[in-house]
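Asks: What follows is my_file02.csv, made up of CSV, C-alpha atoms:
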```csv
chain,number,residue,atom,x,y,z
A,1,MET,CA,-22.7,-24.6,-6.5
A,2,ILE,CA,-20.9,-21.6,-8.2
A,3,ASP,CA,-23.0,-18.8,-9.6
A,4,GLU,CA,-21.2,-18.3,-12.9
A,5,SER,CA,-22.9,-15.0,-13.7
A,6,LEU,CA,-21.6,-13.4,-10.4
A,7,ALA,CA,-18.2,-14.9,-11.0
A,8,THR,CA,-18.1,-13.4,-14.5
A,9,LEU,CA,-19.3,-10.0,-13.1
A,10,SER,CA,-16.4,-10.1,-10.6
A,11,ASP,CA,-13.9,-10.7,-13.4
A,12,THR,CA,-15.4,-7.8,-15.3
A,13,PHE,CA,-15.1,-5.5,-12.3
A,14,PHE,CA,-11.4,-6.6,-12.0
A,15,SER,CA,-10.7,-5.3,-15.6
A,16,ILE,CA,-12.7,-2.0,-14.9
A,17,THR,CA,-10.6,-1.5,-11.7
A,18,VAL,CA,-7.3,-1.8,-13.5
A,19,ALA,CA,-8.6,0.7,-16.1
A,20,LEU,CA,-9.7,3.2,-13.4
A,21,TYR,CA,-6.5,3.0,-11.4
A,22,SER,CA,-4.5,3.4,-14.6
A,23,LEU,CA,-6.4,6.6,-15.5
A,24,ALA,CA,-5.9,7.8,-11.9
A,25,MET,CA,-2.2,7.2,-12.2
A,26,VAL,CA,-2.0,9.2,-15.4
A,27,ALA,CA,-3.9,12.0,-13.6
A,28,PHE,CA,-1.5,12.0,-10.7
A,29,CYS,CA,1.4,12.2,-13.1
A,30,ALA,CA,-0.2,15.2,-14.8
A,31,GLU,CA,-0.8,16.8,-11.4
A,32,LEU,CA,2.9,16.5,-10.6
A,33,ALA,CA,3.8,17.9,-14.0
A,34,PHE,CA,1.7,21.0,-13.6
A,35,GLY,CA,2.1,21.4,-9.9
A,36,ARG,CA,4.5,23.7,-8.0
A,37,PRO,CA,7.5,22.2,-6.1
A,38,ALA,CA,6.9,22.1,-2.4
A,39,ARG,CA,9.8,24.4,-1.8
A,40,SER,CA,8.4,27.0,-4.1
A,41,ARG,CA,5.0,26.8,-2.4
A,42,GLN,CA,6.7,27.5,0.9
A,43,LEU,CA,8.6,30.5,-0.5
A,44,VAL,CA,5.5,31.9,-2.2
A,45,ALA,CA,3.6,31.6,1.1
A,46,ALA,CA,6.4,33.4,2.9
A,47,GLY,CA,6.3,36.2,0.3
A,48,THR,CA,9.8,35.5,-1.1
A,49,GLY,CA,9.0,33.5,-4.1
A,50,GLY,CA,8.9,36.3,-6.6
A,51,THR,CA,5.2,36.0,-7.5
A,52,ASP,CA,2.4,38.5,-6.9
A,53,ASP,CA,0.8,39.0,-3.5
A,54,ALA,CA,-2.5,37.6,-4.9
A,55,THR,CA,-1.2,34.0,-4.7
A,56,PRO,CA,-3.7,32.2,-2.4
A,57,VAL,CA,-2.2,30.6,0.7
A,58,GLY,CA,-3.7,27.5,2.3
A,59,PRO,CA,-4.3,26.8,6.0
A,60,ASP,CA,-1.0,24.9,6.2
A,61,GLY,CA,1.0,28.0,5.4
A,62,GLU,CA,1.9,26.9,1.8
A,63,ALA,CA,0.8,28.6,-1.3
A,64,ALA,CA,-2.1,26.9,-3.1
A,65,GLU,CA,-1.4,24.7,-6.1
A,66,PRO,CA,-2.1,26.1,-9.5
A,67,ALA,CA,-5.8,25.7,-10.5
A,68,ARG,CA,-4.9,23.1,-13.2
A,69,ALA,CA,-2.9,21.0,-10.8
A,70,ARG,CA,-5.7,21.1,-8.3
A,71,ARG,CA,-8.3,20.0,-10.8
A,72,LEU,CA,-6.1,17.1,-12.0
A,73,GLY,CA,-5.5,16.1,-8.4
A,74,LEU,CA,-9.2,16.1,-7.8
A,75,VAL,CA,-9.8,14.0,-10.9
A,76,ALA,CA,-7.1,11.5,-9.8
A,77,MET,CA,-8.7,11.2,-6.3
A,78,VAL,CA,-12.2,10.7,-7.8
A,79,LEU,CA,-10.9,8.0,-10.2
A,80,THR,CA,-9.1,6.3,-7.3
A,81,GLY,CA,-12.2,6.3,-5.2
A,82,LEU,CA,-14.3,4.8,-8.1
A,83,GLY,CA,-11.5,2.3,-8.6
A,84,ALA,CA,-11.7,1.3,-4.9
A,85,VAL,CA,-15.5,0.8,-5.3
A,86,THR,CA,-15.1,-1.5,-8.3
A,87,HIS,CA,-12.2,-3.1,-6.5
A,88,THR,CA,-14.4,-3.9,-3.6
A,89,ALA,CA,-17.0,-5.3,-6.0
A,90,VAL,CA,-14.5,-7.7,-7.4
A,91,LEU,CA,-14.2,-9.4,-4.0
A,92,VAL,CA,-17.9,-9.0,-3.0
A,93,PHE,CA,-19.2,-10.7,-6.2
A,94,ARG,CA,-16.6,-13.4,-6.1
A,95,GLY,CA,-17.6,-14.2,-2.5
A,96,LEU,CA,-21.3,-14.2,-3.4
A,97,ALA,CA,-20.6,-16.4,-6.4
A,98,ALA,CA,-19.0,-19.1,-4.2
A,99,ASP,CA,-21.0,-18.3,-1.0
A,100,ARG,CA,-17.8,-17.9,1.1
A,101,LEU,CA,-15.3,-15.3,2.2
A,102,PRO,CA,-13.4,-14.1,-0.9
A,103,TRP,CA,-9.8,-14.7,0.2
A,104,GLY,CA,-9.4,-18.4,-0.1
A,105,ASN,CA,-6.5,-18.4,-2.6
A,106,MET,CA,-3.6,-16.2,-3.7
A,107,TYR,CA,-5.6,-14.4,-6.3
A,108,GLU,CA,-8.2,-13.3,-3.8
A,109,PHE,CA,-5.8,-12.6,-1.0
A,110,SER,CA,-3.5,-10.5,-3.2
A,111,THR,CA,-6.4,-8.6,-4.6
A,112,ALA,CA,-7.6,-7.8,-1.1
A,113,VAL,CA,-4.2,-6.7,0.0
A,114,VAL,CA,-4.0,-4.2,-2.9
A,115,LEU,CA,-7.5,-2.9,-2.0
A,116,VAL,CA,-6.4,-2.3,1.6
A,117,ALA,CA,-3.4,-0.4,0.3
A,118,VAL,CA,-5.5,1.9,-1.9
A,119,VAL,CA,-8.0,2.6,0.9
A,120,ALA,CA,-5.1,3.3,3.3
A,121,TYR,CA,-3.6,5.8,0.8
A,122,GLY,CA,-7.1,7.4,0.2
A,123,VAL,CA,-7.6,8.0,3.9
A,124,LEU,CA,-4.1,9.5,4.3
A,125,ALA,CA,-4.7,11.8,1.2
A,126,VAL,CA,-8.0,13.0,2.6
A,127,ARG,CA,-6.7,13.7,6.1
A,128,ALA,CA,-3.4,15.3,4.8
A,129,PRO,CA,-4.0,16.7,1.3
A,130,ALA,CA,-0.2,17.2,0.7
A,131,LEU,CA,0.2,13.4,0.7
A,132,ARG,CA,-1.9,13.3,-2.5
A,133,HIS,CA,1.3,14.0,-4.3
A,134,ILE,CA,2.6,10.5,-3.6
A,135,GLY,CA,-0.4,9.1,-5.5
A,136,VAL,CA,1.5,8.1,-8.6
A,137,PHE,CA,4.0,6.2,-6.5
A,138,VAL,CA,1.2,4.2,-4.8
A,139,LEU,CA,-1.1,3.7,-7.9
A,140,GLY,CA,1.9,2.7,-10.1
A,141,PRO,CA,2.7,-0.4,-7.9
A,142,VAL,CA,-1.0,-1.0,-7.5
A,143,VAL,CA,-1.7,-1.2,-11.2
A,144,LEU,CA,1.4,-3.3,-11.8
A,145,SER,CA,0.4,-5.7,-8.9
A,146,LEU,CA,-3.1,-6.1,-10.3
A,147,VAL,CA,-1.9,-6.8,-13.8
A,148,LEU,CA,0.5,-9.5,-12.5
A,149,ILE,CA,-2.2,-10.9,-10.2
A,150,GLY,CA,-4.6,-11.1,-13.2
A,151,LEU,CA,-2.0,-12.7,-15.4
A,152,PHE,CA,-0.3,-15.2,-13.1
A,153,LEU,CA,-2.5,-15.7,-10.0
A,154,TYR,CA,-6.0,-15.8,-11.4
A,155,VAL,CA,-8.0,-19.0,-10.7
A,156,GLU,CA,-11.6,-19.7,-11.4
A,157,THR,CA,-14.1,-19.1,-8.7
A,158,GLY,CA,-14.5,-22.3,-6.6
A,159,PRO,CA,-15.2,-23.6,-3.1
A,160,LEU,CA,-12.6,-23.4,-0.3
A,161,VAL,CA,-10.1,-26.2,0.1
A,162,ALA,CA,-10.7,-28.3,3.1
A,163,ALA,CA,-7.9,-26.8,5.1
A,164,LEU,CA,-9.5,-23.3,5.0
A,165,ARG,CA,-13.0,-24.3,6.0
A,166,SER,CA,-12.8,-22.8,9.4
A,167,SER,CA,-14.1,-19.7,11.2
A,168,TRP,CA,-10.5,-18.7,11.8
A,169,LEU,CA,-10.3,-17.8,8.1
A,170,ALA,CA,-12.3,-14.7,8.8
A,171,VAL,CA,-10.0,-13.7,11.7
A,172,HIS,CA,-6.5,-14.8,10.7
A,173,VAL,CA,-6.6,-14.0,6.9
A,174,SER,CA,-8.6,-10.8,7.3
A,175,THR,CA,-6.1,-9.3,9.8
A,176,ALA,CA,-3.1,-10.5,7.7
A,177,THR,CA,-4.7,-8.8,4.7
A,178,LEU,CA,-5.1,-5.5,6.6
A,179,GLY,CA,-1.6,-5.6,8.0
A,180,PHE,CA,0.0,-6.3,4.7
A,181,GLY,CA,-1.9,-3.6,2.9
A,182,ILE,CA,-1.0,-1.0,5.5
A,183,PHE,CA,2.7,-2.0,5.5
A,184,PHE,CA,2.6,-1.7,1.7
A,185,VAL,CA,1.8,2.1,2.0
A,186,SER,CA,4.3,2.5,4.9
A,187,GLY,CA,7.1,0.9,2.8
A,188,ILE,CA,6.4,3.1,-0.2
A,189,ALA,CA,6.4,6.2,2.1
A,190,SER,CA,9.8,5.2,3.5
A,191,LEU,CA,11.3,4.6,0.1
A,192,LEU,CA,10.1,8.1,-1.0
A,193,TYR,CA,11.5,9.5,2.2
A,194,LEU,CA,14.9,8.0,1.4
A,195,LEU,CA,14.8,9.5,-2.1
A,196,ARG,CA,13.5,12.9,-0.9
A,197,SER,CA,16.0,13.3,2.0
A,198,ARG,CA,18.9,12.4,-0.3
A,199,HIS,CA,17.7,14.9,-2.9
A,200,ASP,CA,17.4,17.6,-0.2
A,201,GLU,CA,21.0,17.0,0.8
A,202,ARG,CA,22.2,17.3,-2.7
A,203,VAL,CA,20.3,20.6,-3.2
A,204,ALA,CA,21.7,21.9,0.1
A,205,THR,CA,25.3,21.2,-1.0
A,206,GLY,CA,24.7,22.6,-4.5
A,207,GLU,CA,25.1,19.3,-6.4
A,208,VAL,CA,21.7,19.8,-8.1
A,209,ALA,CA,19.4,22.8,-8.5
A,210,GLY,CA,16.3,22.8,-6.4
A,211,GLY,CA,12.9,22.9,-8.0
A,212,SER,CA,13.9,21.1,-11.2
A,213,SER,CA,13.3,17.5,-10.1
A,214,LEU,CA,10.1,15.5,-9.7
A,215,LEU,CA,11.2,14.8,-6.1
A,216,ASP,CA,10.8,18.5,-5.4
A,217,ARG,CA,7.0,18.1,-5.9
A,218,LEU,CA,6.7,15.4,-3.2
A,219,PRO,CA,5.8,16.2,0.4
A,220,SER,CA,8.7,17.1,2.7
A,221,ALA,CA,11.0,14.4,3.9
A,222,ALA,CA,9.7,14.9,7.4
A,223,ALA,CA,6.1,14.4,6.3
A,224,LEU,CA,7.0,11.2,4.4
A,225,ASP,CA,8.9,9.8,7.3
A,226,ARG,CA,6.1,10.7,9.7
A,227,THR,CA,3.6,9.0,7.4
A,228,ALA,CA,5.7,5.8,7.1
A,229,HIS,CA,6.0,5.7,10.9
A,230,ARG,CA,2.4,6.3,11.7
A,231,THR,CA,1.1,3.7,9.2
A,232,ALA,CA,3.6,1.1,10.6
A,233,VAL,CA,2.5,1.9,14.1
A,234,PHE,CA,-1.1,1.3,13.0
A,235,GLY,CA,-0.3,-1.9,11.1
A,236,PHE,CA,2.0,-3.5,13.6
A,237,PRO,CA,-0.6,-4.6,16.2
A,238,ILE,CA,-2.8,-5.9,13.4
A,239,TRP,CA,0.0,-8.0,12.0
A,240,THR,CA,0.8,-9.2,15.6
A,241,PHE,CA,-2.7,-10.3,16.1
A,242,ALA,CA,-2.7,-12.1,12.7
A,243,VAL,CA,0.4,-14.1,13.7
A,244,ILE,CA,-1.2,-15.0,17.1
A,245,ALA,CA,-4.5,-15.9,15.4
A,246,GLY,CA,-2.6,-18.1,12.9
A,247,ALA,CA,-0.9,-19.9,15.8
A,248,ILE,CA,-4.2,-20.6,17.5
A,249,TRP,CA,-5.7,-21.9,14.2
A,250,ALA,CA,-2.6,-24.1,13.7
A,251,GLU,CA,-3.1,-25.7,17.1
A,252,SER,CA,-6.8,-26.5,16.3
A,253,ALA,CA,-5.9,-27.8,12.8
A,254,TRP,CA,-2.6,-29.5,13.3
A,255,GLY,CA,-2.3,-30.0,17.0
A,256,ARG,CA,0.6,-27.5,17.6
A,257,PHE,CA,0.8,-23.8,17.9
A,258,TRP,CA,4.1,-23.4,16.0
A,259,GLY,CA,6.0,-25.7,13.7
A,260,TRP,CA,8.4,-23.4,11.8
A,261,ASP,CA,6.6,-24.0,8.6
A,262,PRO,CA,8.0,-21.6,5.9
A,263,LYS,CA,4.9,-19.3,6.0
A,264,GLU,CA,5.0,-19.2,9.8
A,265,THR,CA,8.8,-18.6,9.8
A,266,TRP,CA,8.6,-15.7,7.4
A,267,ALA,CA,5.6,-14.2,9.0
A,268,PHE,CA,7.6,-14.1,12.3
A,269,ILE,CA,10.6,-12.7,10.5
A,270,ALA,CA,8.4,-9.9,9.1
A,271,TRP,CA,7.1,-9.2,12.7
A,272,VAL,CA,10.7,-9.0,14.0
A,273,VAL,CA,11.7,-6.6,11.2
A,274,TYR,CA,8.8,-4.2,11.9
A,275,ALA,CA,9.4,-4.4,15.6
A,276,ALA,CA,13.0,-3.4,14.9
A,277,TYR,CA,11.8,-0.5,12.7
A,278,LEU,CA,9.6,0.9,15.4
A,279,HIS,CA,12.4,0.4,18.0
A,280,ALA,CA,14.9,2.1,15.6
A,281,ARG,CA,12.7,5.1,15.3
A,282,THR,CA,13.3,5.8,19.0
A,283,THR,CA,17.0,4.9,19.1
A,284,SER,CA,19.7,7.5,18.8
A,285,GLY,CA,21.7,7.0,15.6
A,286,TRP,CA,19.0,5.0,13.9
A,287,ARG,CA,16.5,7.7,13.3
A,288,GLY,CA,16.0,8.9,9.8
A,289,ARG,CA,17.4,7.0,6.9
A,290,PRO,CA,18.7,3.9,8.8
A,291,SER,CA,15.3,3.2,10.3
A,292,ALA,CA,13.6,3.9,6.9
A,293,TRP,CA,15.8,1.2,5.3
A,294,VAL,CA,14.6,-1.2,8.0
A,295,ASN,CA,11.0,-0.4,7.0
A,296,VAL,CA,11.8,-1.0,3.3
A,297,VAL,CA,13.4,-4.3,4.2
A,298,GLY,CA,10.1,-5.2,6.0
A,299,LEU,CA,8.1,-4.6,2.9
A,300,VAL,CA,10.5,-6.8,0.9
A,301,VAL,CA,10.1,-9.6,3.5
A,302,MET,CA,6.3,-9.3,3.2
A,303,ILE,CA,6.4,-9.6,-0.6
A,304,PHE,CA,8.9,-12.5,-0.4
A,305,ASN,CA,6.6,-14.2,2.1
A,306,LEU,CA,3.6,-13.8,-0.3
A,307,LEU,CA,5.3,-14.8,-3.5
A,308,PHE,CA,8.3,-17.1,-2.8
A,309,VAL,CA,6.8,-19.0,0.1
A,310,ASN,CA,3.5,-19.6,-1.6
A,311,LEU,CA,4.8,-20.3,-5.1
A,312,VAL,CA,8.2,-21.9,-4.7
A,313,SER,CA,8.6,-23.5,-1.2
A,314,THR,CA,6.5,-26.3,0.1
A,315,GLY,CA,4.8,-26.5,3.5
A,316,LEU,CA,1.5,-26.8,5.3
A,317,HIS,CA,0.4,-23.4,3.8
A,318,SER,CA,0.8,-24.5,0.2
A,319,TYR,CA,-2.9,-24.1,-0.8
A,320,GLY,CA,-2.7,-20.8,-2.7
A,321,GLY,CA,-4.7,-22.2,-5.6
A,322,VAL,CA,-1.9,-21.7,-8.1
A,323,SER,CA,-0.7,-24.7,-10.1
```
Once more with this new file: its structure as structure tokens, please.
Replies:
Amino acid sequence: MIDESLATLSDTFFSITVALYSLAMVAFCAELAFGRPARSRQLVAAGTGGTDDATPVGPDGEAAEPARARRLGLVAMVLTGLGAVTHTAVLVFRGLAADRLPWGNMYEFSTAVVLVAVVAYGVLAVRAPALRHIGVFVLGPVVLSLVLIGLFLYVETGPLVAALRSSWLAVHVSTATLGFGIFFVSGIASLLYLLRSRHDERVATGEVAGGSSLLDRLPSAAALDRTAHRTAVFGFPIWTFAVIAGAIWAESAWGRFWGWDPKETWAFIAWVVYAAYLHARTTSGWRGRPSAWVNVVGLVVMIFNLLFVNLVSTGLHSYGGVS
């Protein structure tokens, strides 16, 4: 039995979530527009920026952001937090409506992955306030993803298909969701690092003027690279466990641990790519941009595994609920 009122409430919260994240994205854009470039903040803090000595300096040694930018950043974070609450409500009420775990099809799984990405970004922004400046680059893909999920992956609330009626659903799919969401943020951080490091080189050689680009308002290239690495380190063992749990579930369901099903194959490819990224970070000649490119490839593989493998290819995992 499906509780239609709770299912409708879940759909309503989905629309509210998209609206809140969209407003947060606009606020993050405004914060960048009215903020001070990171290089300028460092110069002001050092007393060489050409501003008065009354400019407040934060504990990180950089001059504080202008008051308007700080207020906009706070508004953006509050809206993001409210969006995460309503986002959680989407899954909670959908699960209550069907009396099951709310990740039994592509609509629910994708919605959960995006929620993990938002929460991961929120934790990073609270622990390291400078990372708040990448908010628009996280919320932009988040809003786009949710819109596409709502348009093309949505299915009515219903019971689980027979293949998913197992206690392993809570273990395997939950950890896969966590790993994917964390890798989502890691890949964006690496992509921003590539853009920021290239921009810094052009500024150093005089090709472009510093302080005039949106990239100047991002955290330093080193901070972005460090963020990408730390989130990948956190997500890698979770994804490893998800792959192992999936193999154990496959043995109990199909009588074999591994059968090179398309989903299994691409999950393993993703694992290999992220293992290569973590190894490249410690290998001379691969640190910096080469390793960051590997991390970006990892994100592309994860997205390919979600979309192409579920929607185009056929296999034992073809029960995403999308016709």
Asks: Name all residues at most 7 Å from Leu131 (chain A) (count only C-alpha atoms; drop same-chain ones fewer than 5 positions away) and give them as a PyMOL selection string.
Replies: chain A and resi 124-125+219
Asks: Could the residues in this selection be written to a file with C-alpha atoms, as a PDB file, in the coordinates of the input?
Replies:
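Output contents, as saved in again-v2.pdb:
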```pdb
ATOM      1  CA  LEU A 124      -4.100   9.500   4.300  1.00  0.00           C
ATOM      2  CA  ALA A 125      -4.700  11.800   1.200  1.00  0.00           C
ATOM      3  CA  PRO A 219       5.800  16.200   0.400  1.00  0.00           C
TER       4      PRO A 219
END
```
Asks: Choose the residue, out of A:Arg226, A:Arg281, A:His199, A:Arg94, that has the smallest atom-to-atom separation from Glu4 (chain A); count only C-alpha atoms.
Replies: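 Among A:Arg226, A:Arg281, A:His199, A:Arg94, it is A:Arg94 that comes nearest to Glu4 (chain A).
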Asks: Nearest to Val300 (chain A) among A:Leu278, A:Ile269, A:Val147, A:Ala247, with distances taken over only C-alpha atoms: which residue is it?
Replies: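 That would be A:Ile269, the residue with the smallest distance to Val300 (chain A).
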Asks: So the first atom is CA of Ala228 (chain A) and the second is CA of Val26 (chain A); what is the distance between them in Å, to one decimal place?
Replies: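 Result for CA of Ala228 (chain A) versus CA of Val26 (chain A): 24.0 Å, one decimal.
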Asks: So, counting all atoms listed in the file, which residue among A:Phe93, A:Asp225, A:Glu31, A:Phe257 is closest to Pro66 (chain A)?
Replies: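 Checking each of A:Phe93, A:Asp225, A:Glu31, A:Phe257 against Pro66 (chain A), counting all atoms listed in the file, the winner is A:Glu31.
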Asks: Return the single residue from A:Ser110, A:Trp271, A:Val143, A:Ala30 that is closest to Thr80 (chain A), with distances computed using only C-alpha atoms.
Replies: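 Closest residue, counting only C-alpha atoms: A:Val143.
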Asks: Kindly reconstruct region 266-299 of chain A with N, CA and C atoms and present the result as a PDB file, keeping the file's coordinate frame.
Replies:
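Wrote part.pdb, looks like this:
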```
ATOM      1  N   TRP A 266       8.468 -16.976   8.005  1.00  0.00           N
ATOM      2  CA  TRP A 266       8.600 -15.700   7.400  1.00  0.00           C
ATOM      3  C   TRP A 266       7.649 -14.639   7.909  1.00  0.00           C
ATOM      4  N   ALA A 267       6.494 -15.084   8.375  1.00  0.00           N
ATOM      5  CA  ALA A 267       5.600 -14.200   9.000  1.00  0.00           C
ATOM      6  C   ALA A 267       6.218 -13.637  10.327  1.00  0.00           C
ATOM      7  N   PHE A 268       6.904 -14.528  11.051  1.00  0.00           N
ATOM      8  CA  PHE A 268       7.600 -14.100  12.300  1.00  0.00           C
ATOM      9  C   PHE A 268       8.776 -13.207  11.959  1.00  0.00           C
ATOM     10  N   ILE A 269       9.512 -13.514  10.888  1.00  0.00           N
ATOM     11  CA  ILE A 269      10.600 -12.700  10.500  1.00  0.00           C
ATOM     12  C   ILE A 269      10.121 -11.257  10.159  1.00  0.00           C
ATOM     13  N   ALA A 270       9.005 -11.180   9.444  1.00  0.00           N
ATOM     14  CA  ALA A 270       8.400  -9.900   9.100  1.00  0.00           C
ATOM     15  C   ALA A 270       8.058  -9.128  10.425  1.00  0.00           C
ATOM     16  N   TRP A 271       7.481  -9.842  11.377  1.00  0.00           N
ATOM     17  CA  TRP A 271       7.100  -9.200  12.700  1.00  0.00           C
ATOM     18  C   TRP A 271       8.377  -8.666  13.351  1.00  0.00           C
ATOM     19  N   VAL A 272       9.459  -9.440  13.333  1.00  0.00           N
ATOM     20  CA  VAL A 272      10.700  -9.000  14.000  1.00  0.00           C
ATOM     21  C   VAL A 272      11.247  -7.737  13.261  1.00  0.00           C
ATOM     22  N   VAL A 273      11.195  -7.710  11.938  1.00  0.00           N
ATOM     23  CA  VAL A 273      11.700  -6.600  11.200  1.00  0.00           C
ATOM     24  C   VAL A 273      10.912  -5.306  11.522  1.00  0.00           C
ATOM     25  N   TYR A 274       9.597  -5.418  11.565  1.00  0.00           N
ATOM     26  CA  TYR A 274       8.800  -4.200  11.900  1.00  0.00           C
ATOM     27  C   TYR A 274       8.935  -3.805  13.322  1.00  0.00           C
ATOM     28  N   ALA A 275       9.115  -4.767  14.213  1.00  0.00           N
ATOM     29  CA  ALA A 275       9.400  -4.400  15.600  1.00  0.00           C
ATOM     30  C   ALA A 275      10.742  -3.668  15.684  1.00  0.00           C
ATOM     31  N   ALA A 276      11.721  -4.118  14.901  1.00  0.00           N
ATOM     32  CA  ALA A 276      13.000  -3.400  14.900  1.00  0.00           C
ATOM     33  C   ALA A 276      12.883  -2.034  14.303  1.00  0.00           C
ATOM     34  N   TYR A 277      12.038  -1.870  13.287  1.00  0.00           N
ATOM     35  CA  TYR A 277      11.800  -0.500  12.700  1.00  0.00           C
ATOM     36  C   TYR A 277      11.236   0.412  13.749  1.00  0.00           C
ATOM     37  N   LEU A 278      10.211  -0.014  14.436  1.00  0.00           N
ATOM     38  CA  LEU A 278       9.600   0.900  15.400  1.00  0.00           C
ATOM     39  C   LEU A 278      10.555   1.169  16.567  1.00  0.00           C
ATOM     40  N   HIS A 279      11.382   0.183  16.930  1.00  0.00           N
ATOM     41  CA  HIS A 279      12.400   0.400  18.000  1.00  0.00           C
ATOM     42  C   HIS A 279      13.468   1.386  17.446  1.00  0.00           C
ATOM     43  N   ALA A 280      13.875   1.202  16.186  1.00  0.00           N
ATOM     44  CA  ALA A 280      14.900   2.100  15.600  1.00  0.00           C
ATOM     45  C   ALA A 280      14.477   3.519  15.569  1.00  0.00           C
ATOM     46  N   ARG A 281      13.197   3.752  15.388  1.00  0.00           N
ATOM     47  CA  ARG A 281      12.700   5.100  15.300  1.00  0.00           C
ATOM     48  C   ARG A 281      12.912   5.872  16.639  1.00  0.00           C
ATOM     49  N   THR A 282      13.071   5.145  17.731  1.00  0.00           N
ATOM     50  CA  THR A 282      13.300   5.800  19.000  1.00  0.00           C
ATOM     51  C   THR A 282      14.697   5.667  19.525  1.00  0.00           C
ATOM     52  N   THR A 283      15.575   5.123  18.706  1.00  0.00           N
ATOM     53  CA  THR A 283      17.000   4.900  19.100  1.00  0.00           C
ATOM     54  C   THR A 283      17.893   5.898  18.473  1.00  0.00           C
ATOM     55  N   SER A 284      18.710   6.524  19.280  1.00  0.00           N
ATOM     56  CA  SER A 284      19.700   7.500  18.800  1.00  0.00           C
ATOM     57  C   SER A 284      20.625   6.840  17.793  1.00  0.00           C
ATOM     58  N   GLY A 285      20.841   7.488  16.656  1.00  0.00           N
ATOM     59  CA  GLY A 285      21.700   7.000  15.600  1.00  0.00           C
ATOM     60  C   GLY A 285      21.010   6.132  14.590  1.00  0.00           C
ATOM     61  N   TRP A 286      19.771   5.750  14.877  1.00  0.00           N
ATOM     62  CA  TRP A 286      19.000   5.000  13.900  1.00  0.00           C
ATOM     63  C   TRP A 286      17.794   5.710  13.372  1.00  0.00           C
ATOM     64  N   ARG A 287      17.560   6.915  13.876  1.00  0.00           N
ATOM     65  CA  ARG A 287      16.500   7.700  13.300  1.00  0.00           C
ATOM     66  C   ARG A 287      16.767   8.153  11.928  1.00  0.00           C
ATOM     67  N   GLY A 288      15.742   8.449  11.166  1.00  0.00           N
ATOM     68  CA  GLY A 288      16.000   8.900   9.800  1.00  0.00           C
ATOM     69  C   GLY A 288      16.184   7.814   8.824  1.00  0.00           C
ATOM     70  N   ARG A 289      17.211   7.943   7.999  1.00  0.00           N
ATOM     71  CA  ARG A 289      17.400   7.000   6.900  1.00  0.00           C
ATOM     72  C   ARG A 289      17.702   5.574   7.359  1.00  0.00           C
ATOM     73  N   PRO A 290      18.512   5.341   8.407  1.00  0.00           N
ATOM     74  CA  PRO A 290      18.700   3.900   8.800  1.00  0.00           C
ATOM     75  C   PRO A 290      17.436   3.217   9.171  1.00  0.00           C
ATOM     76  N   SER A 291      16.570   3.865   9.931  1.00  0.00           N
ATOM     77  CA  SER A 291      15.300   3.200  10.300  1.00  0.00           C
ATOM     78  C   SER A 291      14.413   3.045   9.067  1.00  0.00           C
ATOM     79  N   ALA A 292      14.451   4.010   8.139  1.00  0.00           N
ATOM     80  CA  ALA A 292      13.600   3.900   6.900  1.00  0.00           C
ATOM     81  C   ALA A 292      14.061   2.685   6.097  1.00  0.00           C
ATOM     82  N   TRP A 293      15.355   2.416   6.059  1.00  0.00           N
ATOM     83  CA  TRP A 293      15.800   1.200   5.300  1.00  0.00           C
ATOM     84  C   TRP A 293      15.280  -0.043   5.963  1.00  0.00           C
ATOM     85  N   VAL A 294      15.173  -0.068   7.293  1.00  0.00           N
ATOM     86  CA  VAL A 294      14.600  -1.200   8.000  1.00  0.00           C
ATOM     87  C   VAL A 294      13.155  -1.427   7.530  1.00  0.00           C
ATOM     88  N   ASN A 295      12.416  -0.321   7.413  1.00  0.00           N
ATOM     89  CA  ASN A 295      11.000  -0.400   7.000  1.00  0.00           C
ATOM     90  C   ASN A 295      10.916  -0.923   5.542  1.00  0.00           C
ATOM     91  N   VAL A 296      11.808  -0.504   4.680  1.00  0.00           N
ATOM     92  CA  VAL A 296      11.800  -1.000   3.300  1.00  0.00           C
ATOM     93  C   VAL A 296      12.118  -2.488   3.280  1.00  0.00           C
ATOM     94  N   VAL A 297      13.059  -2.918   4.113  1.00  0.00           N
ATOM     95  CA  VAL A 297      13.400  -4.300   4.200  1.00  0.00           C
ATOM     96  C   VAL A 297      12.124  -5.119   4.664  1.00  0.00           C
ATOM     97  N   GLY A 298      11.362  -4.527   5.586  1.00  0.00           N
ATOM     98  CA  GLY A 298      10.100  -5.200   6.000  1.00  0.00           C
ATOM     99  C   GLY A 298       9.165  -5.405   4.891  1.00  0.00           C
ATOM    100  N   LEU A 299       9.015  -4.423   4.007  1.00  0.00           N
ATOM    101  CA  LEU A 299       8.100  -4.600   2.900  1.00  0.00           C
ATOM    102  C   LEU A 299       8.638  -5.690   1.928  1.00  0.00           C
TER     103      LEU A 299
END
```
